[in-house]
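S.K.: Attaching a single structure in structure tokens format; questions to follow.
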Amino acid sequence: MTSRNIVSKIIGLIIAIGFLTIILLPIVFVAATSLKIPLEIRTSGAIFPQGGITFENWVKAFRNVPLTKYLFNSTVVAISSTLITLLIAIPTIYTVVRFKTGGAVLPSLILGTYVMPPIVVTVPIFAIVKTLELQDKLVGLILIHSMMNIPLAFWLLDSYIRNIPVELEHAAWVDGYSKFDTLVKIVYPLIKPGVLSTGVVCLIMSWNEFLFALILTYSDASKTFPIGISQYIGEHGMQFGEMSAAALAGIIPIYILVFIFSKNLVEGLGRSGLKG
Amino acid sequence: MKNKLEQISPRIMAIPAWVFLIFFSIVPLIYVVSSSLTNSTLAQPFKDFIWFNNYKQAILDENFGRSLLNTFLFAFVVTSLETLLGFLLAYAVRGIRGLSTLLRSIALLPMFTPPVAVSMIWKLIYDPNSGLMNHYLMQWGITKGLIAFLGDSKLAFPSIMFADIWQWTPFCFILCYAALQALPKAPFEAAEVDGASGWTVFKRLTLPLVLPQVIVVFLFKLLISLKVFDLVYMLTFGGPGNITQVASFYIYRVAFKQFNTGYAAALSFLMLLIITIIATLVIKGREFFMRRSE
């Protein structure tokens with residue numbers, strides 16, 4: 001260990017702590033604001049509460065808007081759409097990677113859809129959903145979110161399937177497994193970590209999605225969390241305390257999920273982000 | 001019978017994907033192209049066929065031109081800064097293994113925070129009365145009066161960019177960190193034996209080896225940034241005036257606030273065309289850099 005190494009380690013440590021602070025500061029500030037007395041919020045931007053702590057904002061956030069309903073809707077939409085996405089994406093990516101189904105056309109069409117800004121298809125999607133009489137219904141949003149996430153799932157799962165030695169599958173075929181059985185019994189168990197991190201990412205993307213939910217839901221019965229809380233902005237002046245509490249109510253479940261799967265997610269992102 | 005089914009089973013597995021493509025991109029695109037030639041409104045789709053009038057209008061539409069420019073400006077500025085910062089941070093902390101695992105878990109948080117919530121967080125931070133920014137800028141004597149960051153025509157756009165940089169730099173950091181870790185060890189050990197200085201190792205070894213991957217990160221995030229909508233909708237609603245209006249937001253406004261869906265379809269098609277050209281270049285670029293990194 002040379003002195004140069006020690007110096008660079010100390011500098012790295014300082015930078016790491018600075019980086020950590022910048023990431024966490026806005027989140028801590030919002031959390032602190034949600035516990036401040038409303039009068040203090042209107043007059044001071046100090047990070048930590050000066051005039052004591054109150055849960056008033058949290059109580060109000062859950063009482064004044066149907067926050068529980070929004071969170072429930074988001075949960076239903078996120079879980080259902082993720083399951084549909086995985087159910088479609090796993091066989092597709094398997095058959096595209098292993099059997100070159102659809103040649104170069106199918107994968108590039110799917111990934112092309114990922115590049116397309118969602119605003120481009122909002123008008124037709126709005127029309128299609130309306131024709132199917134699914135507007136302002138959770139089912140409509142579930143279908144749209146599951147489709148929206150297919151390219152993402154495709155892209156995230158790709159490297160996992162590619163890494164499986166093809167000999168394993170050949171052996172299964174020799175043993176009389178059908179191609180579909182091979183996928184379910186041999187391939188799926190091997191790519192499970194990838195499916196897990198992909199599922200978590202799709203779940204969060206659906207939970208966070210704003211534009212489609214904005215145009216497809218308009219009553220409290222079907223609004224998701226992002227649409228529900230977006231009303232805090234603009235309508236009747238800023239209720240920052242309540243708004244902070246409401247925002248955190250939707251952030252916290254995501255953060256718990258991210259922490260549980262953080263190892264998977266870091267690995268999955270590193271793999272796909274650099275290779276795919 | 002069973003054999004035949006087994007033979008075509010790969011194609012059967014792809015059927016759901018084709019259904020997805022038909023409903024989510026092929027039919028919608030046909031819809032966009034055909035309604036762009038009409039005077040459609042949200043209530044009356046495919047009203048009056050008017051040939052290319054919408055496109056003529058779009059080319060002369062100053063708001064659209066500016067919103068496209070804003071989109072590119074936004075995407076280019078934030079992506080450059082995020083990639084640069086992400087790389088420098090990853091390089092700086094690469095030596096401290098234990099802490100960097102924790103750091104990467106925490107770094108996952110901003111990118112997975114709902115964009116609506118990110119907007120609210122920054123709306124609060126920028127607020128003249130309740131926000132942390134004005135409070136500490138004044139307390140530390142950097143500024144004298146209160147600043148309405150999001151209401152100021154010069155500061156509004158940079159303020160939105162700053163929020164995006166907070167959200168996505170950690171993402172670039174995680175990817176750059178992974179790229180640095182994947183570098184081969186041997187050349188670095190050899191350099192150490194030769195007693196090369198830190199700067200020389202960085203300039204001659206690290207940078208050339210890792211640059212292709214960093215460029216891949218840049219291009220990937222660039223494509224995400226071109227879709228920007230949520231932050232603008234929530235933080236400024238395109239304002240003050242039209243200063244922060246980006247293409248996605250302008251199209252949204254035309255389609256769902258002015259109900260002019262025919263015109264919005266023409267704008268959408270033009271935007272898609274431009275982004276497809278960029279994406280094709282980007283994909284070709286990625287392939288080029290990935291081949292170099294192998």
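Scheme for the structure tokens: letters A, B, ... for chains in order shown; per-chain residue numbers from 1; ligand numbers from 1 in order shown.
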Could you list, as a list of chain:residue names, every residue of chain B that has an atom within 6 Å of an atom of chain A, counting only C-alpha atoms?
M.R.: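 Listing them in order of chain and number gives B:Pro10, B:Met13, B:Ala14, B:Pro16, B:Pro28, B:Ala92, B:Val93, B:Ser105, B:Pro114, B:Val116, B:Ala117, B:Asn129, B:Ser130, B:Gly131, B:Leu132, B:His135, B:Leu175, B:Ala178, B:Lys227, B:Ser248, B:Ser268.
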S.K.: If you run DSSP on this backbone, which residues of segment 44-213 of chain B come out as helix (DSSP H, G or I), and could you give them as a ChimeraX atom specification?
M.R.: /B:53-60,62-93,97-112,115-126,132-139,156-181,186-193,198-213
S.K.: Rank B:Thr206, B:Gly239, B:Ile15, B:Gln57 by their smallest atom-to-atom distance to Leu183 of chain B, using only C-alpha atoms, and report the top residue only.
M.R.: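 Distance minimum relative to Leu183 of chain B lands on B:Thr206.
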S.K.: Could you check the closest approach to Ala17 of chain B for each of A:Val77, A:Leu67, A:Ala61, A:Leu86 and tell me which residue wins, using only C-alpha atoms?
M.R.: A:Leu86
S.K.: In Å, how far is it from atom CA of Tyr177 of chain A to atom CA of Asn3 of chain B?
M.R.: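 Answer for the atom CA of Tyr177 of chain A to atom CA of Asn3 of chain B separation: 12.0 Å.
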S.K.: Would you mind telling me which residue in B:Phe74, B:Phe173, B:Trp199, B:Phe259 lies nearest to Leu42 of chain B when using only C-alpha atoms?
M.R.: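 Answer, going by the shortest atom-to-atom distance: B:Phe259.
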S.K.: Work out how far atom CA of Lys137 of chain A is from atom CA of Leu216 of chain A, in Å to one decimal.
M.R.: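 If I compute the distance from atom CA of Leu216 of chain A to atom CA of Lys137 of chain A, I get 7.9 Å.
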S.K.: Between atom CA of Asn242 of chain B and atom CA of Met161 of chain B, what is the distance in Å, rounded to a tenth?
M.R.: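 Rounded to one decimal, the two atoms are 16.0 Å apart.
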S.K.: Could you list, as a PDB file with N, CA and C atoms, in the first residue's frame, every residue within 10 Å of segment 169-173 of chain A, counting only C-alpha atoms and ignoring same-chain residues fewer than 3 positions away?
M.R.:
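Result file part_35.pdb:
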ATOM      1  N   ARG A  98     -33.255 -18.400 -29.373  1.00  0.00           N
ATOM      2  CA  ARG A  98     -32.829 -19.763 -29.635  1.00  0.00           C
ATOM      3  C   ARG A  98     -33.156 -20.241 -31.045  1.00  0.00           C
ATOM      4  N   ILE A 164     -27.244 -19.034 -21.374  1.00  0.00           N
ATOM      5  CA  ILE A 164     -27.482 -20.447 -21.085  1.00  0.00           C
ATOM      6  C   ILE A 164     -26.791 -21.296 -22.137  1.00  0.00           C
ATOM      7  N   PRO A 165     -25.999 -22.287 -21.689  1.00  0.00           N
ATOM      8  CA  PRO A 165     -25.341 -23.155 -22.670  1.00  0.00           C
ATOM      9  C   PRO A 165     -26.382 -23.970 -23.437  1.00  0.00           C
ATOM     10  N   VAL A 166     -26.330 -23.901 -24.749  1.00  0.00           N
ATOM     11  CA  VAL A 166     -27.341 -24.546 -25.586  1.00  0.00           C
ATOM     12  C   VAL A 166     -27.312 -26.074 -25.424  1.00  0.00           C
ATOM     13  N   GLY A 176     -36.492 -36.199 -25.030  1.00  0.00           N
ATOM     14  CA  GLY A 176     -37.890 -36.211 -25.420  1.00  0.00           C
ATOM     15  C   GLY A 176     -38.712 -35.041 -24.911  1.00  0.00           C
ATOM     16  N   TYR A 177     -38.039 -34.026 -24.333  1.00  0.00           N
ATOM     17  CA  TYR A 177     -38.779 -32.820 -23.927  1.00  0.00           C
ATOM     18  C   TYR A 177     -39.209 -32.056 -25.173  1.00  0.00           C
ATOM     19  N   SER A 178     -40.411 -31.508 -25.153  1.00  0.00           N
ATOM     20  CA  SER A 178     -40.801 -30.622 -26.249  1.00  0.00           C
ATOM     21  C   SER A 178     -40.106 -29.274 -26.031  1.00  0.00           C
ATOM     22  N   LYS A 179     -40.137 -28.420 -27.060  1.00  0.00           N
ATOM     23  CA  LYS A 179     -39.444 -27.134 -26.937  1.00  0.00           C
ATOM     24  C   LYS A 179     -40.054 -26.288 -25.832  1.00  0.00           C
ATOM     25  N   ASP A 181     -41.710 -27.457 -23.162  1.00  0.00           N
ATOM     26  CA  ASP A 181     -41.337 -28.060 -21.871  1.00  0.00           C
ATOM     27  C   ASP A 181     -39.915 -27.670 -21.476  1.00  0.00           C
ATOM     28  N   THR A 182     -39.031 -27.635 -22.475  1.00  0.00           N
ATOM     29  CA  THR A 182     -37.648 -27.259 -22.207  1.00  0.00           C
ATOM     30  C   THR A 182     -37.591 -25.846 -21.626  1.00  0.00           C
ATOM     31  N   LEU A 183     -38.390 -24.958 -22.207  1.00  0.00           N
ATOM     32  CA  LEU A 183     -38.417 -23.588 -21.710  1.00  0.00           C
ATOM     33  C   LEU A 183     -38.883 -23.559 -20.257  1.00  0.00           C
ATOM     34  N   LYS A 185     -39.150 -26.143 -17.976  1.00  0.00           N
ATOM     35  CA  LYS A 185     -38.482 -26.958 -16.957  1.00  0.00           C
ATOM     36  C   LYS A 185     -36.975 -26.770 -16.905  1.00  0.00           C
ATOM     37  N   ILE A 186     -36.350 -26.417 -18.012  1.00  0.00           N
ATOM     38  CA  ILE A 186     -34.889 -26.285 -18.019  1.00  0.00           C
ATOM     39  C   ILE A 186     -34.465 -24.817 -18.023  1.00  0.00           C
ATOM     40  N   VAL A 187     -35.014 -24.053 -18.972  1.00  0.00           N
ATOM     41  CA  VAL A 187     -34.536 -22.682 -19.160  1.00  0.00           C
ATOM     42  C   VAL A 187     -35.024 -21.761 -18.046  1.00  0.00           C
TER      43      VAL A 187
END
S.K.: Can you tell me which residues surround Gly241 of chain B at a distance of at most 12 Å, considering only C-alpha atoms, apart from same-chain residues fewer than 4 positions away, and format the answer as a list in words?
M.R.: Asn63, Leu150, Gly151, Asp152, Ser153, Lys154, Ala156, Phe157, Thr236, Phe237 and Gln245 of chain B
S.K.: May I have the selected residues written with N, CA and C atoms, as an mmCIF file, in the first residue's frame?
M.R.:
data_model
loop_
_atom_site.group_PDB
_atom_site.id
_atom_site.type_symbol
_atom_site.label_atom_id
_atom_site.label_comp_id
_atom_site.auth_asym_id
_atom_site.auth_seq_id
_atom_site.Cartn_x
_atom_site.Cartn_y
_atom_site.Cartn_z
ATOM 1 N N ASN B 63 -44.016 27.044 -32.788
ATOM 2 C CA ASN B 63 -44.059 26.364 -31.490
ATOM 3 C C ASN B 63 -43.515 24.953 -31.574
ATOM 4 N N LEU B 150 -38.687 28.169 -11.084
ATOM 5 C CA LEU B 150 -39.494 27.598 -12.159
ATOM 6 C C LEU B 150 -40.310 28.659 -12.892
ATOM 7 N N GLY B 151 -40.383 29.867 -12.331
ATOM 8 C CA GLY B 151 -41.176 30.912 -12.976
ATOM 9 C C GLY B 151 -40.292 31.884 -13.743
ATOM 10 N N ASP B 152 -39.001 31.721 -13.635
ATOM 11 C CA ASP B 152 -38.071 32.648 -14.271
ATOM 12 C C ASP B 152 -37.706 32.142 -15.663
ATOM 13 N N SER B 153 -37.790 33.041 -16.658
ATOM 14 C CA SER B 153 -37.613 32.560 -18.027
ATOM 15 C C SER B 153 -36.192 32.055 -18.291
ATOM 16 N N LYS B 154 -35.214 32.544 -17.526
ATOM 17 C CA LYS B 154 -33.848 32.063 -17.739
ATOM 18 C C LYS B 154 -33.559 30.797 -16.947
ATOM 19 N N ALA B 156 -35.901 28.505 -15.605
ATOM 20 C CA ALA B 156 -36.869 27.404 -15.597
ATOM 21 C C ALA B 156 -36.309 26.135 -16.248
ATOM 22 N N PHE B 157 -35.734 26.302 -17.434
ATOM 23 C CA PHE B 157 -35.254 25.107 -18.152
ATOM 24 C C PHE B 157 -34.072 24.451 -17.440
ATOM 25 N N THR B 236 -43.409 22.789 -14.796
ATOM 26 C CA THR B 236 -43.680 24.118 -15.368
ATOM 27 C C THR B 236 -44.894 24.148 -16.291
ATOM 28 N N PHE B 237 -45.427 23.010 -16.659
ATOM 29 C CA PHE B 237 -46.488 22.917 -17.654
ATOM 30 C C PHE B 237 -46.108 23.697 -18.920
ATOM 31 N N GLN B 245 -41.440 24.282 -23.217
ATOM 32 C CA GLN B 245 -42.266 23.324 -23.952
ATOM 33 C C GLN B 245 -41.392 22.357 -24.755
#
S.K.: If you count only C-alpha atoms, which residues fall within 10 Å of segment 284-290 of chain B, apart from same-chain ones fewer than 4 positions away, as a PDB file with N, CA and C atoms, in the first residue's frame?
M.R.:
ATOM      1  N   LEU A 274     -24.969  -2.361 -20.623  1.00  0.00           N
ATOM      2  CA  LEU A 274     -23.690  -2.279 -21.310  1.00  0.00           C
ATOM      3  C   LEU A 274     -23.609  -3.176 -22.532  1.00  0.00           C
ATOM      4  N   LYS A 275     -24.444  -4.246 -22.545  1.00  0.00           N
ATOM      5  CA  LYS A 275     -24.281  -5.192 -23.642  1.00  0.00           C
ATOM      6  C   LYS A 275     -25.396  -5.112 -24.665  1.00  0.00           C
ATOM      7  N   GLY A 276     -26.647  -4.980 -24.191  1.00  0.00           N
ATOM      8  CA  GLY A 276     -27.781  -5.094 -25.101  1.00  0.00           C
ATOM      9  C   GLY A 276     -27.936  -3.861 -25.929  1.00  0.00           C
TER      10      GLY A 276
ATOM     11  N   LEU B 211     -13.975   3.754 -22.670  1.00  0.00           N
ATOM     12  CA  LEU B 211     -14.712   4.775 -23.416  1.00  0.00           C
ATOM     13  C   LEU B 211     -15.849   4.215 -24.291  1.00  0.00           C
ATOM     14  N   PRO B 212     -15.612   3.121 -25.037  1.00  0.00           N
ATOM     15  CA  PRO B 212     -16.722   2.608 -25.861  1.00  0.00           C
ATOM     16  C   PRO B 212     -17.972   2.316 -25.031  1.00  0.00           C
ATOM     17  N   GLN B 213     -17.767   1.742 -23.842  1.00  0.00           N
ATOM     18  CA  GLN B 213     -18.908   1.418 -22.991  1.00  0.00           C
ATOM     19  C   GLN B 213     -19.583   2.681 -22.450  1.00  0.00           C
ATOM     20  N   VAL B 214     -18.788   3.672 -22.114  1.00  0.00           N
ATOM     21  CA  VAL B 214     -19.361   4.922 -21.619  1.00  0.00           C
ATOM     22  C   VAL B 214     -20.207   5.563 -22.711  1.00  0.00           C
ATOM     23  N   ILE B 215     -19.744   5.457 -23.947  1.00  0.00           N
ATOM     24  CA  ILE B 215     -20.514   6.015 -25.056  1.00  0.00           C
ATOM     25  C   ILE B 215     -21.828   5.241 -25.225  1.00  0.00           C
ATOM     26  N   VAL B 216     -21.782   3.929 -25.006  1.00  0.00           N
ATOM     27  CA  VAL B 216     -23.013   3.134 -25.060  1.00  0.00           C
ATOM     28  C   VAL B 216     -24.012   3.639 -24.011  1.00  0.00           C
ATOM     29  N   VAL B 217     -23.508   3.922 -22.808  1.00  0.00           N
ATOM     30  CA  VAL B 217     -24.366   4.462 -21.746  1.00  0.00           C
ATOM     31  C   VAL B 217     -24.971   5.799 -22.184  1.00  0.00           C
ATOM     32  N   PHE B 218     -24.136   6.650 -22.745  1.00  0.00           N
ATOM     33  CA  PHE B 218     -24.583   7.960 -23.200  1.00  0.00           C
ATOM     34  C   PHE B 218     -25.713   7.828 -24.226  1.00  0.00           C
ATOM     35  N   LEU B 219     -25.502   6.980 -25.224  1.00  0.00           N
ATOM     36  CA  LEU B 219     -26.491   6.846 -26.296  1.00  0.00           C
ATOM     37  C   LEU B 219     -27.804   6.282 -25.761  1.00  0.00           C
ATOM     38  N   PHE B 220     -27.677   5.333 -24.831  1.00  0.00           N
ATOM     39  CA  PHE B 220     -28.873   4.729 -24.260  1.00  0.00           C
ATOM     40  C   PHE B 220     -29.709   5.763 -23.499  1.00  0.00           C
ATOM     41  N   ILE B 278     -32.523   9.466 -35.685  1.00  0.00           N
ATOM     42  CA  ILE B 278     -31.519   9.542 -34.630  1.00  0.00           C
ATOM     43  C   ILE B 278     -31.239   8.156 -34.062  1.00  0.00           C
ATOM     44  N   ALA B 279     -32.336   7.394 -33.792  1.00  0.00           N
ATOM     45  CA  ALA B 279     -32.160   6.072 -33.177  1.00  0.00           C
ATOM     46  C   ALA B 279     -31.368   5.136 -34.081  1.00  0.00           C
ATOM     47  N   THR B 280     -31.612   5.225 -35.397  1.00  0.00           N
ATOM     48  CA  THR B 280     -30.863   4.380 -36.321  1.00  0.00           C
ATOM     49  C   THR B 280     -29.383   4.711 -36.246  1.00  0.00           C
ATOM     50  N   GLU B 294     -14.982  -5.062 -27.633  1.00  0.00           N
ATOM     51  CA  GLU B 294     -14.784  -6.498 -27.450  1.00  0.00           C
ATOM     52  C   GLU B 294     -13.329  -6.908 -27.644  1.00  0.00           C
TER      53      GLU B 294
END
